[in-house]
file structure_23.cif (mmCIF, C-alpha atoms)
data_protein
#
loop_
_atom_site.label_atom_id
_atom_site.label_comp_id
_atom_site.auth_asym_id
_atom_site.auth_seq_id
_atom_site.Cartn_x
_atom_site.Cartn_y
_atom_site.Cartn_z
CA MET E 1 13.61 -37.03 -10.75
CA ALA E 2 10.50 -34.97 -10.05
CA ASP E 3 9.74 -32.07 -12.40
CA ILE E 4 10.20 -28.59 -10.95
CA ASP E 5 6.98 -26.59 -10.97
CA GLU E 6 7.69 -23.64 -13.28
CA ASP E 7 5.34 -21.42 -11.24
CA SER E 8 7.37 -22.07 -8.08
CA THR E 9 10.51 -20.58 -9.67
CA LYS E 10 8.87 -17.23 -10.53
CA LEU E 11 9.31 -14.18 -8.35
CA HIS E 12 6.01 -13.70 -6.55
CA PHE E 13 4.66 -10.19 -6.00
CA VAL E 14 1.85 -9.44 -3.54
CA LEU E 15 0.18 -6.07 -4.20
CA VAL E 16 -1.52 -4.33 -1.27
CA HIS E 17 -3.94 -1.43 -1.75
CA GLY E 18 -4.42 1.68 0.37
CA PHE E 19 -7.25 3.38 2.27
CA GLY E 20 -10.65 2.71 0.69
CA HIS E 21 -9.18 1.05 -2.40
CA GLY E 22 -9.06 -2.62 -3.36
CA ALA E 23 -7.18 -5.10 -5.50
CA TRP E 24 -8.80 -3.45 -8.54
CA CYS E 25 -6.41 -0.46 -8.40
CA TRP E 26 -3.49 -2.66 -9.52
CA TYR E 27 -5.06 -3.88 -12.77
CA LYS E 28 -2.53 -2.14 -15.06
CA ILE E 29 0.51 -3.19 -13.00
CA ARG E 30 -0.77 -6.75 -12.65
CA THR E 31 -1.19 -7.00 -16.42
CA LEU E 32 2.31 -5.69 -17.10
CA MET E 33 3.87 -7.99 -14.52
CA GLU E 34 2.05 -11.15 -15.52
CA THR E 35 2.72 -10.64 -19.23
CA SER E 36 6.41 -10.27 -18.29
CA GLY E 37 6.39 -13.65 -16.57
CA TYR E 38 6.02 -12.75 -12.90
CA LYS E 39 3.60 -14.31 -10.44
CA VAL E 40 1.20 -11.74 -8.96
CA THR E 41 -1.34 -11.81 -6.13
CA CYS E 42 -3.62 -8.82 -5.51
CA LEU E 43 -5.40 -8.86 -2.16
CA ASP E 44 -8.57 -7.20 -0.91
CA LEU E 45 -8.06 -6.40 2.76
CA LYS E 46 -11.03 -6.82 5.08
CA GLY E 47 -13.92 -4.53 4.24
CA SER E 48 -12.22 -3.40 1.02
CA GLY E 49 -12.69 -4.04 -2.67
CA MET E 50 -14.77 -7.18 -3.21
CA ASP E 51 -14.54 -8.31 0.42
CA LEU E 52 -18.14 -8.07 1.60
CA THR E 53 -17.33 -7.25 5.25
CA ASP E 54 -18.90 -4.00 6.45
CA PRO E 55 -15.87 -1.76 7.13
CA ASN E 56 -17.71 -0.28 10.11
CA THR E 57 -17.38 -3.66 11.85
CA VAL E 58 -13.59 -3.91 11.37
CA SER E 59 -12.15 -2.65 14.64
CA THR E 60 -8.45 -3.60 14.75
CA PHE E 61 -5.54 -3.31 12.34
CA GLU E 62 -4.85 -7.02 12.71
CA ASP E 63 -8.44 -7.82 11.76
CA TYR E 64 -8.24 -5.51 8.76
CA ASN E 65 -5.10 -7.32 7.59
CA GLN E 66 -6.48 -10.84 8.01
CA PRO E 67 -6.39 -11.58 4.26
CA LEU E 68 -2.68 -10.67 4.15
CA ILE E 69 -1.96 -12.53 7.39
CA HIS E 70 -3.76 -15.62 6.09
CA PHE E 71 -1.85 -15.46 2.82
CA LEU E 72 1.57 -15.13 4.44
CA SER E 73 0.79 -17.79 7.06
CA ASN E 74 0.01 -20.30 4.31
CA LEU E 75 3.14 -19.86 2.23
CA THR E 76 5.24 -22.99 1.96
CA ARG E 77 8.23 -23.28 4.25
CA ASN E 78 10.85 -21.89 1.86
CA GLU E 79 8.62 -19.56 -0.15
CA LYS E 80 9.20 -15.81 -0.01
CA VAL E 81 7.29 -12.96 -1.65
CA ILE E 82 7.89 -9.35 -2.63
CA LEU E 83 5.34 -7.03 -1.06
CA VAL E 84 4.24 -3.86 -2.87
CA GLY E 85 2.06 -1.43 -0.90
CA HIS E 86 0.41 1.83 -1.91
CA SER E 87 -0.48 4.70 0.44
CA ALA E 88 -1.93 3.30 3.70
CA GLY E 89 -0.98 -0.12 2.34
CA GLY E 90 2.51 0.75 3.53
CA LEU E 91 1.29 0.24 7.09
CA SER E 92 0.23 -3.28 6.11
CA LEU E 93 3.70 -3.88 4.67
CA THR E 94 5.36 -2.74 7.89
CA TYR E 95 3.04 -4.97 9.94
CA ALA E 96 4.04 -7.88 7.72
CA ILE E 97 7.76 -7.06 7.99
CA HIS E 98 7.53 -7.16 11.79
CA HIS E 99 5.47 -10.37 11.94
CA PHE E 100 6.55 -12.32 8.84
CA GLY E 101 10.01 -10.95 8.03
CA HIS E 102 11.29 -14.43 7.21
CA LYS E 103 8.67 -14.72 4.44
CA ILE E 104 9.38 -11.40 2.73
CA GLN E 105 12.06 -11.04 0.08
CA MET E 106 11.59 -7.28 -0.23
CA ALA E 107 9.03 -4.56 0.58
CA ILE E 108 8.31 -1.82 -1.96
CA TYR E 109 6.52 1.28 -0.66
CA VAL E 110 4.69 3.26 -3.35
CA ALA E 111 3.77 6.75 -2.09
CA ALA E 112 3.14 4.86 1.11
CA ASN E 113 3.21 5.24 4.88
CA MET E 114 6.65 3.98 5.91
CA LEU E 115 6.72 4.37 9.68
CA LYS E 116 8.78 1.80 11.57
CA HIS E 117 6.70 2.05 14.76
CA GLY E 118 3.39 3.24 13.31
CA PHE E 119 1.61 6.27 14.75
CA VAL E 120 3.38 6.62 18.09
CA THR E 121 4.63 10.21 18.17
CA ASP E 122 3.38 13.58 16.95
CA GLN E 123 6.10 13.43 14.31
CA ASP E 124 4.71 10.12 13.02
CA ILE E 125 1.31 11.75 12.58
CA LYS E 126 2.83 14.82 10.90
CA ASP E 127 4.78 12.66 8.46
CA GLY E 128 2.21 9.97 7.77
CA VAL E 129 -1.30 11.44 7.93
CA PRO E 130 -2.53 13.26 4.80
CA ASP E 131 -3.25 16.97 5.35
CA LEU E 132 -6.29 17.60 3.15
CA PHE E 133 -7.75 20.62 4.92
CA ARG E 134 -6.62 22.96 2.15
CA PHE E 135 -9.08 21.27 -0.21
CA GLY E 136 -12.07 22.03 2.05
CA ASP E 137 -14.66 19.64 3.49
CA VAL E 138 -13.47 16.56 1.60
CA ASN E 139 -14.47 13.61 3.80
CA GLU E 140 -17.73 11.69 3.78
CA PHE E 141 -18.25 10.03 7.17
CA GLU E 142 -20.38 7.12 8.32
CA TYR E 143 -21.77 6.82 11.86
CA ALA E 144 -22.56 3.15 12.40
CA LEU E 145 -23.03 3.70 16.16
CA GLY E 146 -25.23 6.76 15.72
CA ARG E 147 -24.63 10.47 15.29
CA ASP E 148 -24.00 10.89 19.01
CA HIS E 149 -20.88 8.70 18.68
CA PRO E 150 -17.63 9.28 16.76
CA SER E 151 -17.64 8.45 13.05
CA THR E 152 -16.71 4.86 12.27
CA SER E 153 -15.57 5.07 8.64
CA SER E 154 -14.89 7.59 5.91
CA LYS E 155 -13.91 8.14 2.31
CA ILE E 156 -12.98 11.15 0.21
CA LYS E 157 -16.10 12.61 -1.36
CA THR E 158 -16.48 11.66 -5.01
CA GLU E 159 -16.25 15.27 -6.22
CA PHE E 160 -12.78 15.66 -4.60
CA GLN E 161 -11.26 12.31 -5.52
CA ARG E 162 -9.79 13.30 -8.87
CA GLU E 163 -8.30 16.54 -7.53
CA ILE E 164 -6.68 14.84 -4.53
CA LEU E 165 -5.87 11.31 -5.67
CA PHE E 166 -5.83 11.18 -9.46
CA HIS E 167 -5.17 14.65 -10.94
CA MET E 168 -2.57 13.29 -13.42
CA SER E 169 -4.36 10.02 -14.13
CA PRO E 170 -6.49 9.19 -17.19
CA LEU E 171 -10.08 10.29 -16.72
CA GLU E 172 -11.40 6.78 -17.31
CA ASP E 173 -9.28 5.47 -14.42
CA SER E 174 -10.42 8.14 -11.97
CA THR E 175 -14.00 7.51 -13.09
CA LEU E 176 -13.58 3.79 -12.43
CA ALA E 177 -12.07 4.52 -9.04
CA SER E 178 -14.98 6.80 -8.09
CA MET E 179 -17.32 3.84 -8.66
CA LEU E 180 -15.23 1.42 -6.59
CA ILE E 181 -13.74 3.35 -3.66
CA ARG E 182 -15.41 2.37 -0.38
CA PRO E 183 -15.40 3.88 3.11
CA ALA E 184 -12.61 2.54 5.31
CA SER E 185 -12.63 1.98 9.06
CA LEU E 186 -11.24 4.93 11.02
CA LYS E 187 -10.62 2.94 14.19
CA VAL E 188 -8.35 0.56 12.35
CA PHE E 189 -5.87 3.26 11.33
CA SER E 190 -6.08 5.52 14.39
CA SER E 191 -4.38 2.97 16.64
CA VAL E 192 -1.64 1.54 14.40
CA LYS E 193 1.48 0.84 16.48
CA PHE E 194 4.25 -1.67 15.80
CA ILE E 195 6.80 -3.53 17.88
CA PRO E 196 9.74 -4.48 15.62
CA GLY E 197 9.98 -8.19 14.93
CA PRO E 198 13.07 -10.43 15.02
CA ASN E 199 13.66 -10.40 11.25
CA SER E 200 12.31 -6.96 10.39
CA ASP E 201 15.69 -5.26 9.90
CA GLU E 202 16.75 -7.96 7.45
CA VAL E 203 14.01 -7.14 4.92
CA PRO E 204 15.26 -4.78 2.16
CA ARG E 205 12.92 -1.85 1.56
CA VAL E 206 12.46 0.33 -1.51
CA PHE E 207 10.54 3.61 -1.58
CA ILE E 208 8.96 5.02 -4.75
CA LYS E 209 8.35 8.77 -4.35
CA THR E 210 5.49 10.47 -6.18
CA LYS E 211 6.70 14.01 -6.92
CA TYR E 212 3.32 15.69 -7.48
CA ASP E 213 1.39 13.90 -4.75
CA ARG E 214 -1.49 15.86 -3.22
CA THR E 215 -2.32 13.20 -0.63
CA ILE E 216 0.97 12.26 1.03
CA SER E 217 3.09 15.25 0.10
CA ILE E 218 6.61 14.90 -1.22
CA GLU E 219 7.82 16.58 2.00
CA GLN E 220 6.06 13.93 4.08
CA GLN E 221 7.52 11.16 1.93
CA GLU E 222 11.03 12.55 2.25
CA ALA E 223 10.63 12.88 6.03
CA MET E 224 9.69 9.20 6.32
CA ILE E 225 12.62 8.23 4.09
CA THR E 226 15.01 10.22 6.28
CA ARG E 227 13.72 8.73 9.53
CA TRP E 228 13.72 5.08 8.34
CA PRO E 229 16.10 4.98 5.36
CA PRO E 230 15.29 2.35 2.72
CA THR E 231 17.81 0.58 0.53
CA LEU E 232 16.74 2.37 -2.64
CA VAL E 233 14.59 5.38 -3.55
CA PHE E 234 13.06 6.01 -6.97
CA PRO E 235 11.24 9.27 -7.87
CA VAL E 236 8.22 9.15 -10.20
CA GLU E 237 6.63 12.17 -11.85
CA SER E 238 3.08 11.29 -10.91
CA ASP E 239 0.13 12.03 -8.68
CA HIS E 240 -0.68 9.87 -5.65
CA SER E 241 -1.66 6.98 -7.91
CA PRO E 242 1.21 6.01 -10.25
CA PHE E 243 -0.48 2.67 -10.99
CA PHE E 244 -2.88 4.83 -13.06
CA SER E 245 -0.86 7.93 -14.00
CA ALA E 246 2.56 6.32 -14.68
CA PRO E 247 2.12 2.53 -14.87
CA PHE E 248 5.00 1.87 -17.26
CA VAL E 249 7.42 3.94 -15.18
CA LEU E 250 6.28 2.26 -11.97
CA PHE E 251 6.62 -1.15 -13.59
CA GLY E 252 10.10 -0.20 -14.83
CA PHE E 253 11.27 0.60 -11.31
CA ILE E 254 9.84 -2.67 -10.02
CA VAL E 255 11.82 -4.49 -12.73
CA LYS E 256 14.98 -2.70 -11.53
CA VAL E 257 14.25 -4.04 -8.07
CA VAL E 258 13.86 -7.52 -9.55
CA GLU E 259 17.23 -7.19 -11.25
CA SER E 260 18.83 -6.23 -7.95
CA LEU E 261 17.34 -9.33 -6.38
CA THR E 262 18.48 -11.70 -9.09
CA THR E 263 22.03 -10.29 -9.01
CA ARG E 264 21.97 -10.36 -5.17
CA GLU E 265 23.13 -6.74 -4.96
CA LEU E 266 20.74 -5.91 -2.14
CA LEU E 267 20.50 -9.14 -0.20
#

call {"tool": "encode", "arguments": {"input": "structure_23.cif", "output": "structure tokens"}}
result
Amino acid sequence: MADIDEDSTKLHFVLVHGFGHGAWCWYKIRTLMETSGYKVTCLDLKGSGMDLTDPNTVSTFEDYNQPLIHFLSNLTRNEKVILVGHSAGGLSLTYAIHHFGHKIQMAIYVAANMLKHGFVTDQDIKDGVPDLFRFGDVNEFEYALGRDHPSTSSKIKTEFQREILFHMSPLEDSTLASMLIRPASLKVFSSVKFIPGPNSDEVPRVFIKTKYDRTISIEQQEAMITRWPPTLVFPVESDHSPFFSAPFVLFGFIVKVVESLTTRELL
């Protein structure tokens, strides 16, 4: 009788970063999960993190998500994964739910965009787009096509990043982030629209609310939860980045989700 590969029996988590971030932002959560015996994959989406693609050349949401699409397309026939997405990474999770629902055991949205159809209506924009105007002129734009054309990518200026993204996080983490955050393509996110897939309603979803979020406000998060109710909701006392400001609490909620999977309470 052939031996069973121990790695194949582990729950497999795929962690997806948000706007301008990369796989690096999950380093604390990855460490906690792997030392607890889980299998973890952290992806850099196209033009992000260590992916060397110029983000100004990434023009479609599908292109941006190619690393995730490639990963899911190459899973073995019976393999399923648990997706965890932060911030704009929630849009990548929803894309995956609609296109690869049969490969996803669960989707966990962490202070993330959870819009079933993407940015289709004015309400979608109100609920899902960060309102940062109160902080002043916070965005640094790039104009790859020239100043006489619309900006092609942006990031939050370094001097505003801690105040907006990491105000409850350790200083060393926000300092690290300021060295690694890259501009992200604006065209990619401005046209995100989804058509629900055949298995999308079968994928259990969990939302982790960040109570002191200055990027996607708690009111925006609650509006998205109301409009597309998930199976479970967990509140975290953190800023927009609980993987830095509350890693043990975030990990604890993920473990609760794991327990619900193993006892089949949600599936």

call {"tool": "residues_around", "arguments": {"input": "structure_23.cif", "residues": "stretch 212-223 of chain E", "least_positions_apart": "3", "cutoff": "10 Å", "atoms": "all atoms listed in the file", "output": "number ranges by chain"}}
result
E: 87-88, 110-114, 123-132, 135, 163-168, 207-209, 226-229, 233, 235-242

call {"tool": "residues_around", "arguments": {"input": "structure_23.cif", "residues": "E:Asn56", "least_positions_apart": "6", "cutoff": "8 Å", "atoms": "all atoms listed in the file", "output": "list in words"}}
result
Ala144, Thr152, Ser153, Ala184 and Ser185 of chain E

call {"tool": "resolve_selection", "arguments": {"input": "structure_23.cif", "expression": "the PyMOL selection byres ((chain E and resi 100) around 10)", "output": "PyMOL selection string"}}
result
chain E and resi 69+72-73+80+93-99+101-104+197-200+203

call {"tool": "atom_distance", "arguments": {"input": "structure_23.cif", "atom1": "atom CA of E:Ser178", "atom2": "atom CA of E:Phe251"}}
result
23.7 Å

call {"tool": "residues_around", "arguments": {"input": "structure_23.cif", "residues": "E:Phe13", "least_positions_apart": "6", "cutoff": "6 Å", "atoms": "only C-alpha atoms", "output": "VMD selection string"}}
result
chain E and resid 40 81 to 83

call {"tool": "residues_near_point", "arguments": {"input": "structure_23.cif", "point": "(-13.4, 14.9, -6.4)", "cutoff": "12 Å", "atoms": "only C-alpha atoms", "output": "ChimeraX atom specification"}}
result
/E:135-140,155-167,171,174-175,177-179,181

call {"tool": "atom_distance", "arguments": {"input": "structure_23.cif", "atom1": "atom CA of E:Pro204", "atom2": "atom CA of E:Leu91"}}
result
15.6 Å

call {"tool": "residues_around", "arguments": {"input": "structure_23.cif", "residues": "E:Leu45", "least_positions_apart": "2", "cutoff": "6 Å", "atoms": "all atoms listed in the file", "output": "MDAnalysis selection string"}}
result
chainID E and resid 48 65 67

call {"tool": "write_last_selection", "arguments": {"input": "structure_23.cif", "atoms": "C-alpha atoms", "output": "mmCIF file, keeping the file's coordinate frame"}}
result
data_model
loop_
_atom_site.group_PDB
_atom_site.id
_atom_site.type_symbol
_atom_site.label_atom_id
_atom_site.label_comp_id
_atom_site.auth_asym_id
_atom_site.auth_seq_id
_atom_site.Cartn_x
_atom_site.Cartn_y
_atom_site.Cartn_z
ATOM 1 C CA SER E 48 -12.220 -3.400 1.020
ATOM 2 C CA ASN E 65 -5.100 -7.320 7.590
ATOM 3 C CA PRO E 67 -6.390 -11.580 4.260
#

call {"tool": "atom_distance", "arguments": {"input": "structure_23.cif", "atom1": "atom CA of E:Gly49", "atom2": "atom CA of E:Val16"}}
result
11.3 Å

call {"tool": "closest_residue", "arguments": {"input": "structure_23.cif", "among": "E:Ser245, E:Thr231, E:Ser92, E:Ser191", "to": "E:Val14", "atoms": "all atoms listed in the file"}}
result
E:Ser92

call {"tool": "residues_around", "arguments": {"input": "structure_23.cif", "residues": "E:Tyr143", "least_positions_apart": "2", "cutoff": "10 Å", "atoms": "all atoms listed in the file", "output": "list in words"}}
result
Asn56, Phe141, Leu145, Gly146, Arg147, Asp148, His149, Pro150, Ser151, Thr152, Ser153 and Ser154 of chain E

call {"tool": "resolve_selection", "arguments": {"input": "structure_23.cif", "expression": "the PyMOL selection byres ((chain E and resi 21-34) around 9)", "output": "JSON, numbers by chain"}}
result
{"E": [13, 15, 16, 17, 18, 19, 20, 35, 36, 37, 38, 39, 40, 41, 42, 43, 44, 45, 48, 49, 50, 51, 173, 177, 180, 181, 182, 183, 184, 241, 243, 244, 247, 248, 250, 251, 255]}

call {"tool": "write_last_selection", "arguments": {"input": "structure_23.cif", "atoms": "C-alpha atoms", "output": "PDB file, in the coordinates of the input"}}
result
ATOM      1  CA  PHE E  13       4.660 -10.190  -6.000  1.00  0.00           C
ATOM      2  CA  LEU E  15       0.180  -6.070  -4.200  1.00  0.00           C
ATOM      3  CA  VAL E  16      -1.520  -4.330  -1.270  1.00  0.00           C
ATOM      4  CA  HIS E  17      -3.940  -1.430  -1.750  1.00  0.00           C
ATOM      5  CA  GLY E  18      -4.420   1.680   0.370  1.00  0.00           C
ATOM      6  CA  PHE E  19      -7.250   3.380   2.270  1.00  0.00           C
ATOM      7  CA  GLY E  20     -10.650   2.710   0.690  1.00  0.00           C
ATOM      8  CA  THR E  35       2.720 -10.640 -19.230  1.00  0.00           C
ATOM      9  CA  SER E  36       6.410 -10.270 -18.290  1.00  0.00           C
ATOM     10  CA  GLY E  37       6.390 -13.650 -16.570  1.00  0.00           C
ATOM     11  CA  TYR E  38       6.020 -12.750 -12.900  1.00  0.00           C
ATOM     12  CA  LYS E  39       3.600 -14.310 -10.440  1.00  0.00           C
ATOM     13  CA  VAL E  40       1.200 -11.740  -8.960  1.00  0.00           C
ATOM     14  CA  THR E  41      -1.340 -11.810  -6.130  1.00  0.00           C
ATOM     15  CA  CYS E  42      -3.620  -8.820  -5.510  1.00  0.00           C
ATOM     16  CA  LEU E  43      -5.400  -8.860  -2.160  1.00  0.00           C
ATOM     17  CA  ASP E  44      -8.570  -7.200  -0.910  1.00  0.00           C
ATOM     18  CA  LEU E  45      -8.060  -6.400   2.760  1.00  0.00           C
ATOM     19  CA  SER E  48     -12.220  -3.400   1.020  1.00  0.00           C
ATOM     20  CA  GLY E  49     -12.690  -4.040  -2.670  1.00  0.00           C
ATOM     21  CA  MET E  50     -14.770  -7.180  -3.210  1.00  0.00           C
ATOM     22  CA  ASP E  51     -14.540  -8.310   0.420  1.00  0.00           C
ATOM     23  CA  ASP E 173      -9.280   5.470 -14.420  1.00  0.00           C
ATOM     24  CA  ALA E 177     -12.070   4.520  -9.040  1.00  0.00           C
ATOM     25  CA  LEU E 180     -15.230   1.420  -6.590  1.00  0.00           C
ATOM     26  CA  ILE E 181     -13.740   3.350  -3.660  1.00  0.00           C
ATOM     27  CA  ARG E 182     -15.410   2.370  -0.380  1.00  0.00           C
ATOM     28  CA  PRO E 183     -15.400   3.880   3.110  1.00  0.00           C
ATOM     29  CA  ALA E 184     -12.610   2.540   5.310  1.00  0.00           C
ATOM     30  CA  SER E 241      -1.660   6.980  -7.910  1.00  0.00           C
ATOM     31  CA  PHE E 243      -0.480   2.670 -10.990  1.00  0.00           C
ATOM     32  CA  PHE E 244      -2.880   4.830 -13.060  1.00  0.00           C
ATOM     33  CA  PRO E 247       2.120   2.530 -14.870  1.00  0.00           C
ATOM     34  CA  PHE E 248       5.000   1.870 -17.260  1.00  0.00           C
ATOM     35  CA  LEU E 250       6.280   2.260 -11.970  1.00  0.00           C
ATOM     36  CA  PHE E 251       6.620  -1.150 -13.590  1.00  0.00           C
ATOM     37  CA  VAL E 255      11.820  -4.490 -12.730  1.00  0.00           C
TER      38      VAL E 255
END

call {"tool": "axis_aligned_box", "arguments": {"input": "structure_23.cif", "around": "stretch 246-260 of chain E", "padding_each_side": "3 Å", "output": "lines of an AutoDock Vina configuration file"}}
result
center_x = 10.5
center_y = -0.6
center_z = -12.6
size_x = 22.7
size_y = 19.8
size_z = 15.3

call {"tool": "closest_residue", "arguments": {"input": "structure_23.cif", "among": "E:Lys211, E:Gln105, E:Glu172, E:Lys116", "to": "E:Ser260", "atoms": "only C-alpha atoms"}}
result
E:Gln105

call {"tool": "closest_residue", "arguments": {"input": "structure_23.cif", "among": "E:Asn74, E:Gln66, E:Thr57, E:Ser190", "to": "E:Gly118", "atoms": "all atoms listed in the file"}}
result
E:Ser190

call {"tool": "decode", "arguments": {"input": "structure_23.cif", "residues": "stretch 100-122 of chain E", "atoms": "N, CA and C atoms", "output": "mmCIF file, in the first residue's frame"}}
result
data_model
loop_
_atom_site.group_PDB
_atom_site.id
_atom_site.type_symbol
_atom_site.label_atom_id
_atom_site.label_comp_id
_atom_site.auth_asym_id
_atom_site.auth_seq_id
_atom_site.Cartn_x
_atom_site.Cartn_y
_atom_site.Cartn_z
ATOM 1 N N PHE E 100 -13.089 29.604 -9.658
ATOM 2 C CA PHE E 100 -12.506 28.357 -9.164
ATOM 3 C C PHE E 100 -13.199 27.892 -7.887
ATOM 4 N N GLY E 101 -14.510 28.096 -7.810
ATOM 5 C CA GLY E 101 -15.241 27.758 -6.592
ATOM 6 C C GLY E 101 -15.052 26.322 -6.154
ATOM 7 N N HIS E 102 -14.891 25.416 -7.102
ATOM 8 C CA HIS E 102 -14.731 23.999 -6.786
ATOM 9 C C HIS E 102 -13.372 23.689 -6.175
ATOM 10 N N LYS E 103 -12.446 24.653 -6.194
ATOM 11 C CA LYS E 103 -11.111 24.458 -5.646
ATOM 12 C C LYS E 103 -10.918 25.152 -4.302
ATOM 13 N N ILE E 104 -11.967 25.823 -3.820
ATOM 14 C CA ILE E 104 -11.816 26.650 -2.629
ATOM 15 C C ILE E 104 -12.653 26.092 -1.486
ATOM 16 N N GLN E 105 -11.985 25.756 -0.401
ATOM 17 C CA GLN E 105 -12.647 25.198 0.767
ATOM 18 C C GLN E 105 -13.351 26.289 1.571
ATOM 19 N N MET E 106 -12.744 27.460 1.613
ATOM 20 C CA MET E 106 -13.295 28.597 2.332
ATOM 21 C C MET E 106 -12.538 29.848 1.915
ATOM 22 N N ALA E 107 -13.194 31.014 2.020
ATOM 23 C CA ALA E 107 -12.556 32.298 1.749
ATOM 24 C C ALA E 107 -12.678 33.171 2.982
ATOM 25 N N ILE E 108 -11.548 33.684 3.455
ATOM 26 C CA ILE E 108 -11.507 34.515 4.657
ATOM 27 C C ILE E 108 -11.094 35.927 4.249
ATOM 28 N N TYR E 109 -11.987 36.878 4.465
ATOM 29 C CA TYR E 109 -11.754 38.274 4.104
ATOM 30 C C TYR E 109 -11.287 39.032 5.343
ATOM 31 N N VAL E 110 -10.089 39.599 5.274
ATOM 32 C CA VAL E 110 -9.514 40.327 6.409
ATOM 33 C C VAL E 110 -9.515 41.822 6.076
ATOM 34 N N ALA E 111 -10.417 42.570 6.694
ATOM 35 C CA ALA E 111 -10.548 44.007 6.388
ATOM 36 C C ALA E 111 -10.529 44.218 4.880
ATOM 37 N N ALA E 112 -11.303 43.403 4.190
ATOM 38 C CA ALA E 112 -11.145 43.281 2.741
ATOM 39 C C ALA E 112 -12.392 43.706 1.975
ATOM 40 N N ASN E 113 -12.192 44.051 0.712
ATOM 41 C CA ASN E 113 -13.305 44.299 -0.202
ATOM 42 C C ASN E 113 -14.070 43.002 -0.409
ATOM 43 N N MET E 114 -15.329 42.980 -0.015
ATOM 44 C CA MET E 114 -16.169 41.800 -0.209
ATOM 45 C C MET E 114 -17.414 42.245 -0.972
ATOM 46 N N LEU E 115 -17.261 42.356 -2.267
ATOM 47 C CA LEU E 115 -18.327 42.818 -3.153
ATOM 48 C C LEU E 115 -18.620 41.714 -4.158
ATOM 49 N N LYS E 116 -19.819 41.165 -4.100
ATOM 50 C CA LYS E 116 -20.144 39.990 -4.924
ATOM 51 C C LYS E 116 -19.974 40.253 -6.408
ATOM 52 N N HIS E 117 -20.313 41.476 -6.861
ATOM 53 C CA HIS E 117 -20.259 41.795 -8.289
ATOM 54 C C HIS E 117 -19.143 42.777 -8.636
ATOM 55 N N GLY E 118 -18.305 43.123 -7.660
ATOM 56 C CA GLY E 118 -17.255 44.104 -7.916
ATOM 57 C C GLY E 118 -17.794 45.517 -7.854
ATOM 58 N N PHE E 119 -17.150 46.423 -8.592
ATOM 59 C CA PHE E 119 -17.557 47.828 -8.599
ATOM 60 C C PHE E 119 -18.524 48.084 -9.755
ATOM 61 N N VAL E 120 -19.795 47.806 -9.504
ATOM 62 C CA VAL E 120 -20.825 47.931 -10.529
ATOM 63 C C VAL E 120 -21.698 49.158 -10.276
ATOM 64 N N THR E 121 -22.069 49.371 -9.025
ATOM 65 C CA THR E 121 -22.991 50.455 -8.676
ATOM 66 C C THR E 121 -22.281 51.524 -7.846
ATOM 67 N N ASP E 122 -22.939 52.655 -7.687
ATOM 68 C CA ASP E 122 -22.414 53.712 -6.819
ATOM 69 C C ASP E 122 -22.281 53.212 -5.385
#
